[in-house]
$ cat model_35.txt   # compact mmCIF, C-alpha atoms (C1' of nucleotides)
# COMPACT_ATOMS: atom_id res chain seq x y z
CA MET A 13 40.73 -72.73 80.09
CA ASP A 14 43.87 -74.17 81.57
CA PHE A 15 43.66 -76.41 84.62
CA SER A 16 47.27 -77.57 84.55
CA GLU A 17 48.32 -75.38 87.48
CA PRO A 18 46.68 -76.06 90.81
CA GLU A 19 47.23 -72.51 92.02
CA LEU A 20 45.22 -72.89 95.14
CA GLN A 21 47.50 -75.55 96.55
CA SER A 22 50.56 -74.91 98.70
CA PRO A 23 53.73 -76.89 97.89
CA ARG A 24 53.09 -79.10 100.89
CA GLN A 25 49.54 -79.77 99.71
CA GLN A 26 50.84 -80.72 96.29
CA GLN A 27 53.36 -83.03 97.89
CA ILE A 28 50.65 -84.72 99.92
CA VAL A 29 48.42 -85.18 96.88
CA GLU A 30 51.35 -86.53 94.88
CA THR A 31 52.09 -89.07 97.61
CA ALA A 32 48.43 -90.02 97.88
CA PHE A 33 48.33 -90.44 94.12
CA ARG A 34 51.23 -92.87 94.13
CA LEU A 35 49.92 -94.71 97.17
CA LEU A 36 46.49 -95.19 95.64
CA ALA A 37 47.93 -96.29 92.32
CA SER A 38 50.36 -98.79 93.79
CA GLU A 39 48.42 -100.28 96.72
CA GLY A 40 44.78 -99.46 96.16
CA PRO A 41 42.09 -97.70 98.19
CA ASP A 42 42.49 -99.82 101.33
CA ALA A 43 46.03 -98.49 101.70
CA LEU A 44 44.93 -94.89 101.34
CA THR A 45 44.30 -94.19 105.02
CA MET A 46 45.22 -91.00 106.78
CA ARG A 47 47.74 -92.80 108.98
CA ARG A 48 49.36 -94.60 106.08
CA LEU A 49 49.47 -91.50 103.93
CA ALA A 50 51.04 -89.58 106.80
CA ALA A 51 53.60 -92.33 107.38
CA GLU A 52 54.50 -92.21 103.72
CA LEU A 53 55.28 -88.51 104.22
CA GLY A 54 57.19 -89.12 107.44
CA ILE A 55 54.61 -87.42 109.66
CA LYS A 56 51.66 -88.45 111.83
CA ALA A 57 48.04 -88.58 110.72
CA PRO A 58 46.72 -85.56 112.65
CA SER A 59 49.31 -83.34 110.97
CA LEU A 60 47.57 -83.90 107.66
CA TYR A 61 44.68 -81.87 109.00
CA LYS A 62 46.89 -78.78 108.99
CA HIS A 63 46.79 -79.02 105.19
CA PHE A 64 43.43 -80.57 104.37
CA PRO A 65 40.17 -80.28 106.30
CA ASP A 66 39.39 -83.99 105.95
CA LYS A 67 40.10 -87.10 103.90
CA GLN A 68 37.42 -86.25 101.38
CA ALA A 69 39.38 -83.12 100.50
CA VAL A 70 42.45 -85.19 99.68
CA GLU A 71 40.34 -87.50 97.58
CA ALA A 72 38.78 -84.53 95.82
CA ALA A 73 42.26 -83.33 94.89
CA LEU A 74 42.98 -86.78 93.46
CA ILE A 75 39.74 -86.72 91.50
CA ASP A 76 40.69 -83.30 90.18
CA ARG A 77 43.94 -84.77 88.96
CA GLY A 78 42.03 -87.62 87.35
CA PHE A 79 39.77 -85.26 85.47
CA LEU A 80 42.82 -83.37 84.27
CA ILE A 81 44.46 -86.55 83.03
CA TRP A 82 41.32 -87.70 81.28
CA GLY A 83 40.55 -84.31 79.75
CA ASN A 84 44.00 -84.08 78.22
CA ALA A 85 43.95 -87.68 76.99
CA ALA A 86 40.54 -87.18 75.40
CA ARG A 87 41.66 -84.00 73.63
CA HIS A 88 44.72 -85.77 72.32
CA ALA A 89 42.61 -88.71 71.12
CA ILE A 90 40.26 -86.49 69.15
CA GLU A 91 43.09 -84.85 67.26
CA GLN A 92 44.43 -88.17 66.03
CA ALA A 93 43.69 -89.57 62.57
CA GLY A 94 41.05 -92.27 62.16
CA ASP A 95 37.69 -92.91 63.75
CA PRO A 96 37.26 -90.41 66.61
CA LEU A 97 34.91 -92.75 68.46
CA ALA A 98 37.43 -95.58 68.38
CA ASN A 99 40.21 -93.22 69.43
CA LEU A 100 38.18 -91.93 72.35
CA ALA A 101 37.27 -95.46 73.39
CA ASN A 102 40.89 -96.57 73.28
CA ALA A 103 42.04 -93.58 75.28
CA TYR A 104 39.29 -94.03 77.86
CA ARG A 105 39.99 -97.72 78.23
CA SER A 106 43.75 -97.26 78.48
CA MET A 107 43.50 -94.59 81.14
CA ALA A 108 41.29 -96.77 83.31
CA VAL A 109 43.28 -99.96 82.86
CA GLU A 110 46.52 -98.17 83.72
CA GLY A 111 45.04 -96.61 86.85
CA PRO A 112 42.00 -98.61 87.90
CA HIS A 113 42.05 -97.40 91.52
CA LEU A 114 41.97 -93.76 90.49
CA TYR A 115 39.29 -94.50 87.93
CA ARG A 116 37.08 -96.07 90.58
CA LEU A 117 37.71 -93.20 92.96
CA MET A 118 36.70 -90.77 90.21
CA THR A 119 33.52 -92.54 89.19
CA GLU A 120 32.24 -94.42 92.20
CA GLY A 121 29.22 -93.03 94.00
CA THR A 122 28.02 -89.48 94.05
CA LEU A 123 30.39 -86.58 93.54
CA ASP A 124 30.68 -83.60 95.85
CA ARG A 125 31.18 -81.02 93.12
CA ALA A 126 31.73 -78.19 95.60
CA ARG A 127 35.10 -79.72 96.46
CA LEU A 128 36.33 -79.85 92.86
CA THR A 129 37.94 -76.99 90.96
CA PRO A 130 34.98 -75.32 89.27
CA GLY A 131 34.37 -76.35 85.70
CA ILE A 132 36.91 -79.15 85.49
CA GLU A 133 34.27 -81.86 85.33
CA ASP A 134 32.58 -80.28 82.31
CA TRP A 135 35.95 -79.48 80.76
CA SER A 136 37.07 -83.10 80.98
CA ALA A 137 33.83 -84.35 79.41
CA GLU A 138 33.81 -81.79 76.62
CA PRO A 139 35.78 -83.78 74.00
CA LEU A 140 33.23 -86.58 74.19
CA GLY A 141 30.59 -84.31 72.71
CA ALA A 142 32.64 -83.26 69.71
CA PRO A 143 31.90 -86.17 67.36
CA PHE A 144 28.15 -86.07 67.95
CA SER A 145 25.49 -83.71 66.72
CA ASP A 146 23.43 -83.82 69.91
CA PRO A 147 24.52 -84.02 73.56
CA GLU A 148 22.09 -86.83 74.36
CA THR A 149 23.80 -89.28 72.04
CA ALA A 150 27.17 -88.15 73.35
CA ARG A 151 26.00 -88.99 76.88
CA ALA A 152 24.75 -92.38 75.74
CA PHE A 153 28.18 -93.03 74.23
CA TRP A 154 29.83 -91.91 77.44
CA ALA A 155 27.63 -94.35 79.33
CA PHE A 156 28.80 -97.11 77.02
CA LEU A 157 32.45 -96.16 77.57
CA HIS A 158 32.06 -96.03 81.32
CA GLY A 159 30.04 -99.25 81.42
CA MET A 160 32.60 -101.19 79.42
CA THR A 161 35.45 -99.73 81.42
CA ILE A 162 34.13 -100.28 84.90
CA LEU A 163 32.79 -103.74 84.12
CA GLU A 164 36.18 -104.63 82.67
CA ILE A 165 38.36 -103.43 85.53
CA ASP A 166 35.93 -104.92 88.04
CA CYS A 167 36.13 -108.26 86.20
CA ARG A 168 32.37 -108.44 85.76
CA PHE A 169 32.47 -109.94 82.28
CA PRO A 170 32.66 -113.73 82.05
CA PRO A 171 36.23 -115.02 82.08
CA GLY A 172 37.50 -115.40 78.55
CA ALA A 173 35.03 -112.92 77.08
CA ASP A 174 36.30 -111.20 73.95
CA LEU A 175 36.28 -107.65 75.24
CA ASP A 176 38.14 -106.21 72.28
CA ARG A 177 35.24 -107.36 70.14
CA SER A 178 32.64 -105.93 72.53
CA TRP A 179 34.40 -102.57 72.43
CA LYS A 180 34.41 -102.72 68.62
CA GLN A 181 30.76 -103.67 68.38
CA GLY A 182 29.71 -100.89 70.73
CA VAL A 183 31.75 -98.28 68.91
CA ALA A 184 30.28 -99.52 65.63
CA ALA A 185 26.77 -99.22 67.01
CA PHE A 186 27.30 -95.56 67.86
CA SER A 187 29.19 -94.76 64.63
CA ALA A 188 25.93 -94.30 62.78
CA SER A 189 25.15 -91.38 65.10
CA VAL A 190 28.24 -89.28 64.39
CA ARG A 191 28.00 -85.79 62.93
CA ALA A 192 28.10 -85.71 59.13
CA MET B 19 16.90 -123.62 86.85
CA ASP B 20 14.94 -122.13 89.69
CA PHE B 21 16.67 -119.85 92.18
CA SER B 22 13.52 -118.69 93.94
CA GLU B 23 14.11 -120.86 97.00
CA PRO B 24 17.21 -120.13 99.05
CA GLU B 25 17.37 -123.67 100.39
CA LEU B 26 20.72 -123.27 102.02
CA GLN B 27 19.49 -120.58 104.38
CA SER B 28 17.97 -121.22 107.78
CA PRO B 29 14.82 -119.28 108.69
CA ARG B 30 16.88 -117.02 110.92
CA GLN B 31 19.32 -116.35 108.10
CA GLN B 32 16.46 -115.45 105.81
CA GLN B 33 15.09 -113.12 108.46
CA ILE B 34 18.46 -111.40 108.81
CA VAL B 35 18.82 -110.98 105.07
CA GLU B 36 15.27 -109.67 104.83
CA THR B 37 16.01 -107.10 107.54
CA ALA B 38 19.29 -106.14 105.89
CA PHE B 39 17.46 -105.76 102.61
CA ARG B 40 14.95 -103.34 104.08
CA LEU B 41 17.62 -101.46 106.02
CA LEU B 42 19.79 -100.99 102.95
CA ALA B 43 16.85 -99.93 100.81
CA SER B 44 15.50 -97.42 103.30
CA GLU B 45 18.64 -95.90 104.82
CA GLY B 46 21.51 -96.72 102.48
CA PRO B 47 24.87 -98.44 102.88
CA ASP B 48 26.11 -96.32 105.77
CA ALA B 49 23.26 -97.63 107.89
CA LEU B 50 24.04 -101.23 107.04
CA THR B 51 26.46 -101.90 109.88
CA MET B 52 26.58 -105.07 111.90
CA ARG B 53 25.54 -103.24 115.05
CA ARG B 54 22.66 -101.48 113.38
CA LEU B 55 21.47 -104.61 111.61
CA ALA B 56 21.60 -106.49 114.89
CA ALA B 57 19.67 -103.74 116.68
CA GLU B 58 17.02 -103.90 113.97
CA LEU B 59 16.64 -107.58 114.84
CA GLY B 60 16.63 -106.96 118.58
CA ILE B 61 19.99 -108.62 119.16
CA LYS B 62 23.64 -107.56 119.52
CA ALA B 63 26.18 -107.45 116.72
CA PRO B 64 28.31 -110.44 117.72
CA SER B 65 25.25 -112.68 117.61
CA LEU B 66 25.04 -112.15 113.88
CA TYR B 67 28.23 -114.16 113.56
CA LYS B 68 26.35 -117.26 114.70
CA HIS B 69 24.47 -117.05 111.41
CA PHE B 70 26.94 -115.51 108.97
CA PRO B 71 30.73 -115.80 108.98
CA ASP B 72 31.21 -112.09 108.24
CA LYS B 73 29.55 -109.01 106.83
CA GLN B 74 30.55 -109.89 103.30
CA ALA B 75 28.43 -113.02 103.57
CA VAL B 76 25.36 -110.96 104.43
CA GLU B 77 26.11 -108.66 101.52
CA ALA B 78 26.57 -111.65 99.24
CA ALA B 79 23.11 -112.86 100.23
CA LEU B 80 21.73 -109.43 99.34
CA ILE B 81 23.52 -109.51 96.01
CA ASP B 82 22.06 -112.94 95.38
CA ARG B 83 18.64 -111.48 95.97
CA GLY B 84 19.43 -108.65 93.62
CA PHE B 85 20.42 -111.03 90.85
CA LEU B 86 17.19 -112.94 91.40
CA ILE B 87 15.13 -109.76 91.13
CA TRP B 88 16.94 -108.63 88.01
CA GLY B 89 16.84 -112.04 86.34
CA ASN B 90 13.10 -112.26 86.78
CA ALA B 91 12.50 -108.68 85.68
CA ALA B 92 14.62 -109.20 82.56
CA ARG B 93 12.76 -112.39 81.63
CA HIS B 94 9.48 -110.63 82.07
CA ALA B 95 10.68 -107.71 79.94
CA ILE B 96 11.69 -109.95 77.07
CA GLU B 97 8.28 -111.59 76.88
CA GLN B 98 6.50 -108.28 76.47
CA ALA B 99 5.40 -106.91 73.12
CA GLY B 100 7.43 -104.22 71.39
CA ASP B 101 11.15 -103.59 71.04
CA PRO B 102 12.95 -106.06 73.30
CA LEU B 103 15.93 -103.70 73.69
CA ALA B 104 13.71 -100.86 74.87
CA ASN B 105 11.85 -103.21 77.21
CA LEU B 106 15.10 -104.48 78.70
CA ALA B 107 16.39 -100.95 79.11
CA ASN B 108 13.21 -99.82 80.85
CA ALA B 109 13.25 -102.80 83.18
CA TYR B 110 16.93 -102.32 84.00
CA ARG B 111 16.51 -98.63 84.64
CA SER B 112 13.40 -99.08 86.77
CA MET B 113 14.98 -101.73 88.94
CA ALA B 114 17.98 -99.52 89.68
CA VAL B 115 16.02 -96.34 90.28
CA GLU B 116 13.68 -98.13 92.68
CA GLY B 117 16.54 -99.65 94.64
CA PRO B 118 19.70 -97.64 93.97
CA HIS B 119 21.50 -98.82 97.12
CA LEU B 120 21.05 -102.46 96.24
CA TYR B 121 22.05 -101.75 92.66
CA ARG B 122 25.29 -100.16 93.81
CA LEU B 123 25.99 -103.01 96.19
CA MET B 124 25.47 -105.46 93.33
CA THR B 125 27.66 -103.70 90.82
CA GLU B 126 30.31 -101.80 92.74
CA GLY B 127 33.82 -103.18 92.78
CA THR B 128 34.89 -106.74 92.23
CA LEU B 129 32.62 -109.64 93.03
CA ASP B 130 33.57 -112.62 95.18
CA ARG B 131 31.73 -115.19 93.11
CA ALA B 132 32.52 -118.01 95.53
CA ARG B 133 30.06 -116.47 97.98
CA LEU B 134 27.16 -116.36 95.52
CA THR B 135 24.84 -119.23 94.73
CA PRO B 136 26.52 -120.91 91.79
CA GLY B 137 25.22 -119.93 88.39
CA ILE B 138 22.91 -117.14 89.48
CA GLU B 139 25.08 -114.43 87.96
CA ASP B 140 25.01 -116.04 84.52
CA TRP B 141 21.32 -116.84 84.91
CA SER B 142 20.46 -113.24 85.65
CA ALA B 143 22.47 -112.00 82.64
CA GLU B 144 21.05 -114.59 80.25
CA PRO B 145 18.03 -112.62 78.98
CA LEU B 146 20.32 -109.83 77.81
CA GLY B 147 21.83 -112.12 75.23
CA ALA B 148 18.54 -113.19 73.68
CA PRO B 149 17.98 -110.30 71.26
CA PHE B 150 21.51 -110.40 69.87
CA SER B 151 23.19 -112.79 67.48
CA ASP B 152 26.58 -112.64 69.19
CA PRO B 153 27.49 -112.41 72.89
CA GLU B 154 29.98 -109.60 72.32
CA THR B 155 27.33 -107.16 71.17
CA ALA B 156 25.09 -108.28 74.01
CA ARG B 157 27.88 -107.41 76.45
CA ALA B 158 28.38 -104.02 74.81
CA PHE B 159 24.67 -103.37 75.23
CA TRP B 160 24.88 -104.46 78.86
CA ALA B 161 27.72 -102.00 79.35
CA PHE B 162 25.53 -99.25 77.92
CA LEU B 163 22.67 -100.20 80.25
CA HIS B 164 24.92 -100.30 83.30
CA GLY B 165 26.69 -97.09 82.32
CA MET B 166 23.47 -95.15 81.88
CA THR B 167 22.04 -96.60 85.06
CA ILE B 168 24.95 -96.02 87.39
CA LEU B 169 25.69 -92.56 86.02
CA GLU B 170 22.03 -91.67 86.48
CA ILE B 171 21.61 -92.86 90.06
CA ASP B 172 24.97 -91.34 90.97
CA CYS B 173 23.85 -88.02 89.46
CA ARG B 174 26.86 -87.84 87.17
CA PHE B 175 25.01 -86.38 84.21
CA PRO B 176 24.72 -82.60 84.07
CA PRO B 177 21.66 -81.29 85.88
CA GLY B 178 18.77 -80.94 83.50
CA ALA B 179 20.14 -83.44 80.97
CA ASP B 180 17.48 -85.20 78.95
CA LEU B 181 18.17 -88.73 80.10
CA ASP B 182 15.06 -90.21 78.51
CA ARG B 183 16.46 -89.08 75.19
CA SER B 184 19.93 -90.49 75.92
CA TRP B 185 18.35 -93.84 76.76
CA LYS B 186 16.39 -93.74 73.50
CA GLN B 187 19.42 -92.81 71.42
CA GLY B 188 21.54 -95.55 72.93
CA VAL B 189 18.86 -98.17 72.42
CA ALA B 190 18.44 -96.97 68.85
CA ALA B 191 22.18 -97.26 68.25
CA PHE B 192 22.15 -100.91 69.29
CA SER B 193 18.90 -101.73 67.49
CA ALA B 194 20.78 -102.22 64.22
CA SER B 195 22.63 -105.12 65.86
CA VAL B 196 19.61 -107.23 66.83
CA ARG B 197 19.10 -110.71 65.47
CA ALA B 198 17.11 -110.84 62.25
C1' DT C 2 62.03 -58.53 121.50
C1' DT C 3 57.76 -59.93 120.88
C1' DG C 4 54.00 -61.91 118.62
C1' DA C 5 51.84 -64.47 115.11
C1' DC C 6 51.68 -68.36 112.50
C1' DA C 7 52.95 -72.69 110.19
C1' DG C 8 53.44 -77.25 111.06
C1' DG C 9 54.59 -80.85 113.69
C1' DC C 10 53.36 -83.88 118.04
C1' DT C 11 50.59 -87.05 121.67
C1' DA C 12 46.33 -88.52 123.63
C1' DA C 13 41.91 -89.49 122.98
C1' DC C 14 37.03 -90.36 121.10
C1' DA C 15 33.46 -92.58 118.56
C1' DG C 16 32.57 -95.78 115.21
C1' DT C 17 33.79 -100.02 112.36
C1' DG C 18 34.25 -105.32 111.72
C1' DT C 19 35.44 -109.09 114.41
C1' DT C 20 36.93 -112.69 118.11
C1' DA C 21 36.99 -115.06 122.63
C1' DG C 22 34.62 -116.81 126.19
C1' DC C 23 30.52 -117.40 128.79
C1' DA C 24 25.45 -118.31 129.59
C1' DT C 25 21.03 -120.28 128.54
C1' DA C 26 17.28 -122.68 126.35
C1' DT C 27 15.92 -126.08 123.34
C1' DT C 28 16.44 -130.61 121.38
C1' DA C 29 18.14 -135.24 120.89
C1' DT C 30 19.90 -139.34 123.06
C1' DG C 31 21.36 -142.57 126.69
C1' DC D 23 14.00 -138.90 133.35
C1' DA D 24 18.66 -137.36 133.03
C1' DT D 25 22.20 -135.83 130.23
C1' DA D 26 24.67 -134.28 126.51
C1' DA D 27 24.80 -131.53 122.44
C1' DT D 28 23.44 -127.79 119.77
C1' DA D 29 21.65 -123.29 118.79
C1' DT D 30 21.66 -118.76 119.96
C1' DG D 31 22.15 -115.12 122.68
C1' DC D 32 25.43 -112.06 125.72
C1' DT D 33 29.66 -108.93 127.42
C1' DA D 34 34.32 -107.50 126.95
C1' DA D 35 37.78 -106.54 124.14
C1' DC D 36 41.01 -105.79 119.98
C1' DA D 37 42.70 -103.50 115.98
C1' DC D 38 41.53 -100.42 112.83
C1' DT D 39 39.23 -96.02 110.86
C1' DG D 40 38.60 -90.72 110.52
C1' DT D 41 38.92 -86.94 113.45
C1' DT D 42 39.53 -83.36 117.36
C1' DA D 43 41.79 -80.97 121.26
C1' DG D 44 45.63 -79.20 123.11
C1' DC D 45 50.51 -78.59 123.26
C1' DC D 46 55.18 -77.40 121.50
C1' DT D 47 58.67 -75.55 118.46
C1' DG D 48 60.78 -73.02 114.68
C1' DT D 49 60.44 -69.15 111.45
C1' DC D 50 59.52 -64.63 110.22
C1' DA D 51 57.49 -59.80 110.64
C1' DA D 52 56.48 -55.66 113.39
$ encode --input "model_35.txt" --output "structure tokens"
Amino acid sequence: MDFSEPELQSPRQQQIVETAFRLLASEGPDALTMRRLAAELGIKAPSLYKHFPDKQAVEAALIDRGFLIWGNAARHAIEQAGDPLANLANAYRSMAVEGPHLYRLMTEGTLDRARLTPGIEDWSAEPLGAPFSDPETARAFWAFLHGMTILEIDCRFPPGADLDRSWKQGVAAFSASVRA
Amino acid sequence: MDFSEPELQSPRQQQIVETAFRLLASEGPDALTMRRLAAELGIKAPSLYKHFPDKQAVEAALIDRGFLIWGNAARHAIEQAGDPLANLANAYRSMAVEGPHLYRLMTEGTLDRARLTPGIEDWSAEPLGAPFSDPETARAFWAFLHGMTILEIDCRFPPGADLDRSWKQGVAAFSASVRA
DNA sequence: TTGACAGGCTAACAGTGTTAGCATATTATG
DNA sequence: CATAATATGCTAACACTGTTAGCCTGTCAA
């Protein structure tokens, strides 16, 4: 499966999503309003509704892009030499730290799957299952990755905590569960 | 340390927080508006500002309450017989499933610690460190707990996934790291 | 030439948190 | 007892949000 081409989007839609992507990344979710996004494109807010039914649809397109980014990064990580769990953890962490606003948008709250391109969510999560013999342990490892990531970018750990070490310890804990 | 008495709150403030607590639990975050909260109390929205400087302050009081609930539940869990990690995991999961809206409010986004009662965050996290010999592994375990919990209440796992088994596998993975 | 359509616009609505200014009832003080 | 202060409510309004209705213009096909 290849999700790299968003066929269903017109050039103008792609341009809007691209602008929204940059706006979210550089100024955060509070800046991602319909009026601001429109201004960034040199138009007025109501005109956006000629291209997307509502704001959620724009956000869904961003989430789609996030899943694409993560799916590719995870596949790349698995192919590398060394401990696949550590490689996945590093890739996951890097992606989120580089784009914390997008990461939050992707993972916060419930997800309206009907708005996403079908299958992309599963596709992006697929590489996480590779190192493990059963899907349940893979999901537990995913939970660890997400927990570390979101707690880190939300600054929920005590200041000065050795997060590198926590990542290592967690990866080590799950290493006993990898496929022979 | 005993956080059970919110000494700094007037009776009216306690009443408002209590009402907000019930409103959030029963109807979710969208219902927790200043106007709605006021209506629930039989007053108008601006009157709330005689008791709290802004909405964030009300939310901070709710988060305080959440930390209190969790801190007590965790202490209780640790005293029980059996695997302390499994007990903690069960307590954590139960708390979140019973009050998912409060759990999200507590854990979503960054936290303005200046608004919380000093020390309550650390106090509520304390029991998690008990079973482990180093704080880094304890934090990794916390990340696993939070990851599983938030992904579960946000329905991010595939439908039909065996979450009980994922919880078990994750707890098992960390069991090798417990203090001798 | 005409008609459809794509894509912009202004004006407006309901809802949000929040502030200013006013009224009243209780409580403390002279 | 009178008076001042405080607590606690109110209405009106502001700036912001997503969103809709209705209008106008340019492009392209029949």
$ interface_residues --input "model_35.txt" --of "chain D" --to "chain A" --cutoff "9 Å" --atoms "all atoms listed in the file" --output "PyMOL selection string"
chain D and resi 39-42
$ residues_around --input "model_35.txt" --residues "stretch 116-131 of chain B" --least-positions-apart "4" --cutoff "9 Å" --atoms "only C-alpha atoms (C1' of nucleotides)" --output "JSON, numbers by chain"
{"A": [116, 120, 121, 162, 163, 165, 166, 167, 168], "B": [39, 42, 43, 44, 45, 46, 47, 77, 78, 80, 81, 82, 84, 85, 111, 112, 135, 136, 139, 164, 168, 171, 172]}
$ interface_residues --input "model_35.txt" --of "chain C" --to "chain A" --cutoff "8 Å" --atoms "only C-alpha atoms (C1' of nucleotides)" --output "list of chain:residue names"
C:DG8, C:DG9, C:DC10
$ atom_distance --input "model_35.txt" --atom1 "atom CA of A:Glu30" --atom2 "atom CA of A:Trp82"
16.9 Å
$ closest_atom_pairs --input "model_35.txt" --of "chain B" --to "chain A" --cutoff "6 Å" --atoms "only C-alpha atoms" --output "JSON lines"
{"residue": "B:Gly127", "atom": "CA", "partner": "A:Asp166", "partner_atom": "CA", "distance": 5.5}
{"residue": "B:Thr128", "atom": "CA", "partner": "A:Asp166", "partner_atom": "CA", "distance": 4.7}
{"residue": "B:Glu154", "atom": "CA", "partner": "A:Ser178", "partner_atom": "CA", "distance": 4.5}
{"residue": "B:Thr155", "atom": "CA", "partner": "A:Ser178", "partner_atom": "CA", "distance": 5.6}
{"residue": "B:Ala158", "atom": "CA", "partner": "A:Ser178", "partner_atom": "CA", "distance": 5.2}
{"residue": "B:Ala161", "atom": "CA", "partner": "A:Gly159", "partner_atom": "CA", "distance": 4.2}
{"residue": "B:Phe162", "atom": "CA", "partner": "A:Phe156", "partner_atom": "CA", "distance": 4.0}
{"residue": "B:His164", "atom": "CA", "partner": "A:Gly159", "partner_atom": "CA", "distance": 5.6}
{"residue": "B:Gly165", "atom": "CA", "partner": "A:Gly159", "partner_atom": "CA", "distance": 4.1}
{"residue": "B:Met166", "atom": "CA", "partner": "A:Ala155", "partner_atom": "CA", "distance": 4.9}
{"residue": "B:Asp172", "atom": "CA", "partner": "A:Thr122", "partner_atom": "CA", "distance": 4.7}
{"residue": "B:Ser184", "atom": "CA", "partner": "A:Glu148", "partner_atom": "CA", "distance": 4.5}
{"residue": "B:Gln187", "atom": "CA", "partner": "A:Thr149", "partner_atom": "CA", "distance": 5.7}
{"residue": "B:Gly188", "atom": "CA", "partner": "A:Ala152", "partner_atom": "CA", "distance": 5.3}
{"residue": "B:Ala191", "atom": "CA", "partner": "A:Ala185", "partner_atom": "CA", "distance": 5.1}
{"residue": "B:Phe192", "atom": "CA", "partner": "A:Ala185", "partner_atom": "CA", "distance": 5.4}
$ write_last_selection --input "model_35.txt" --atoms "C-alpha atoms" --output "short mmCIF file (atom, residue, chain, number, x, y, z; two decimals), keeping the file's coordinate frame"
data_model
loop_
_atom_site.label_atom_id
_atom_site.label_comp_id
_atom_site.auth_asym_id
_atom_site.auth_seq_id
_atom_site.Cartn_x
_atom_site.Cartn_y
_atom_site.Cartn_z
CA GLY B 127 33.82 -103.18 92.78
CA THR B 128 34.89 -106.74 92.23
CA GLU B 154 29.98 -109.60 72.32
CA THR B 155 27.33 -107.16 71.17
CA ALA B 158 28.38 -104.02 74.81
CA ALA B 161 27.72 -102.00 79.35
CA PHE B 162 25.53 -99.25 77.92
CA HIS B 164 24.92 -100.30 83.30
CA GLY B 165 26.69 -97.09 82.32
CA MET B 166 23.47 -95.15 81.88
CA ASP B 172 24.97 -91.34 90.97
CA SER B 184 19.93 -90.49 75.92
CA GLN B 187 19.42 -92.81 71.42
CA GLY B 188 21.54 -95.55 72.93
CA ALA B 191 22.18 -97.26 68.25
CA PHE B 192 22.15 -100.91 69.29
#
$ atom_distance --input "model_35.txt" --atom1 "atom CA of A:His88" --atom2 "atom CA of A:Phe144"
17.1 Å
$ decode --input "model_35.txt" --residues "stretch 96-107 of chain B" --atoms "N, CA and C atoms" --output "PDB file, in the first residue's frame"
ATOM      1  N   ILE B  96      -1.007  -0.173  46.901  1.00  0.00           N
ATOM      2  CA  ILE B  96       0.306  -0.674  47.297  1.00  0.00           C
ATOM      3  C   ILE B  96       0.239  -1.537  48.561  1.00  0.00           C
ATOM      4  N   GLU B  97      -0.724  -1.205  49.401  1.00  0.00           N
ATOM      5  CA  GLU B  97      -0.837  -1.934  50.678  1.00  0.00           C
ATOM      6  C   GLU B  97      -1.481  -3.305  50.505  1.00  0.00           C
ATOM      7  N   GLN B  98      -2.115  -3.511  49.378  1.00  0.00           N
ATOM      8  CA  GLN B  98      -2.809  -4.784  49.167  1.00  0.00           C
ATOM      9  C   GLN B  98      -1.820  -5.931  48.990  1.00  0.00           C
ATOM     10  N   ALA B  99      -2.322  -7.134  49.170  1.00  0.00           N
ATOM     11  CA  ALA B  99      -1.504  -8.322  48.921  1.00  0.00           C
ATOM     12  C   ALA B  99      -1.330  -8.530  47.420  1.00  0.00           C
ATOM     13  N   GLY B 100      -0.336  -9.314  47.057  1.00  0.00           N
ATOM     14  CA  GLY B 100      -0.134  -9.631  45.641  1.00  0.00           C
ATOM     15  C   GLY B 100       0.875  -8.721  44.982  1.00  0.00           C
ATOM     16  N   ASP B 101       0.995  -8.848  43.677  1.00  0.00           N
ATOM     17  CA  ASP B 101       1.960  -8.085  42.898  1.00  0.00           C
ATOM     18  C   ASP B 101       1.649  -6.589  42.964  1.00  0.00           C
ATOM     19  N   PRO B 102       2.551  -5.811  43.526  1.00  0.00           N
ATOM     20  CA  PRO B 102       2.271  -4.368  43.635  1.00  0.00           C
ATOM     21  C   PRO B 102       2.107  -3.690  42.271  1.00  0.00           C
ATOM     22  N   LEU B 103       2.859  -4.154  41.276  1.00  0.00           N
ATOM     23  CA  LEU B 103       2.739  -3.555  39.938  1.00  0.00           C
ATOM     24  C   LEU B 103       1.354  -3.807  39.350  1.00  0.00           C
ATOM     25  N   ALA B 104       0.876  -5.016  39.485  1.00  0.00           N
ATOM     26  CA  ALA B 104      -0.461  -5.340  38.980  1.00  0.00           C
ATOM     27  C   ALA B 104      -1.520  -4.563  39.746  1.00  0.00           C
ATOM     28  N   ASN B 105      -1.338  -4.432  41.053  1.00  0.00           N
ATOM     29  CA  ASN B 105      -2.311  -3.687  41.860  1.00  0.00           C
ATOM     30  C   ASN B 105      -2.352  -2.221  41.447  1.00  0.00           C
ATOM     31  N   LEU B 106      -1.162  -1.645  41.256  1.00  0.00           N
ATOM     32  CA  LEU B 106      -1.094  -0.250  40.810  1.00  0.00           C
ATOM     33  C   LEU B 106      -1.764  -0.085  39.448  1.00  0.00           C
ATOM     34  N   ALA B 107      -1.465  -1.007  38.558  1.00  0.00           N
ATOM     35  CA  ALA B 107      -2.026  -0.924  37.207  1.00  0.00           C
ATOM     36  C   ALA B 107      -3.548  -0.999  37.258  1.00  0.00           C
TER      37      ALA B 107
END
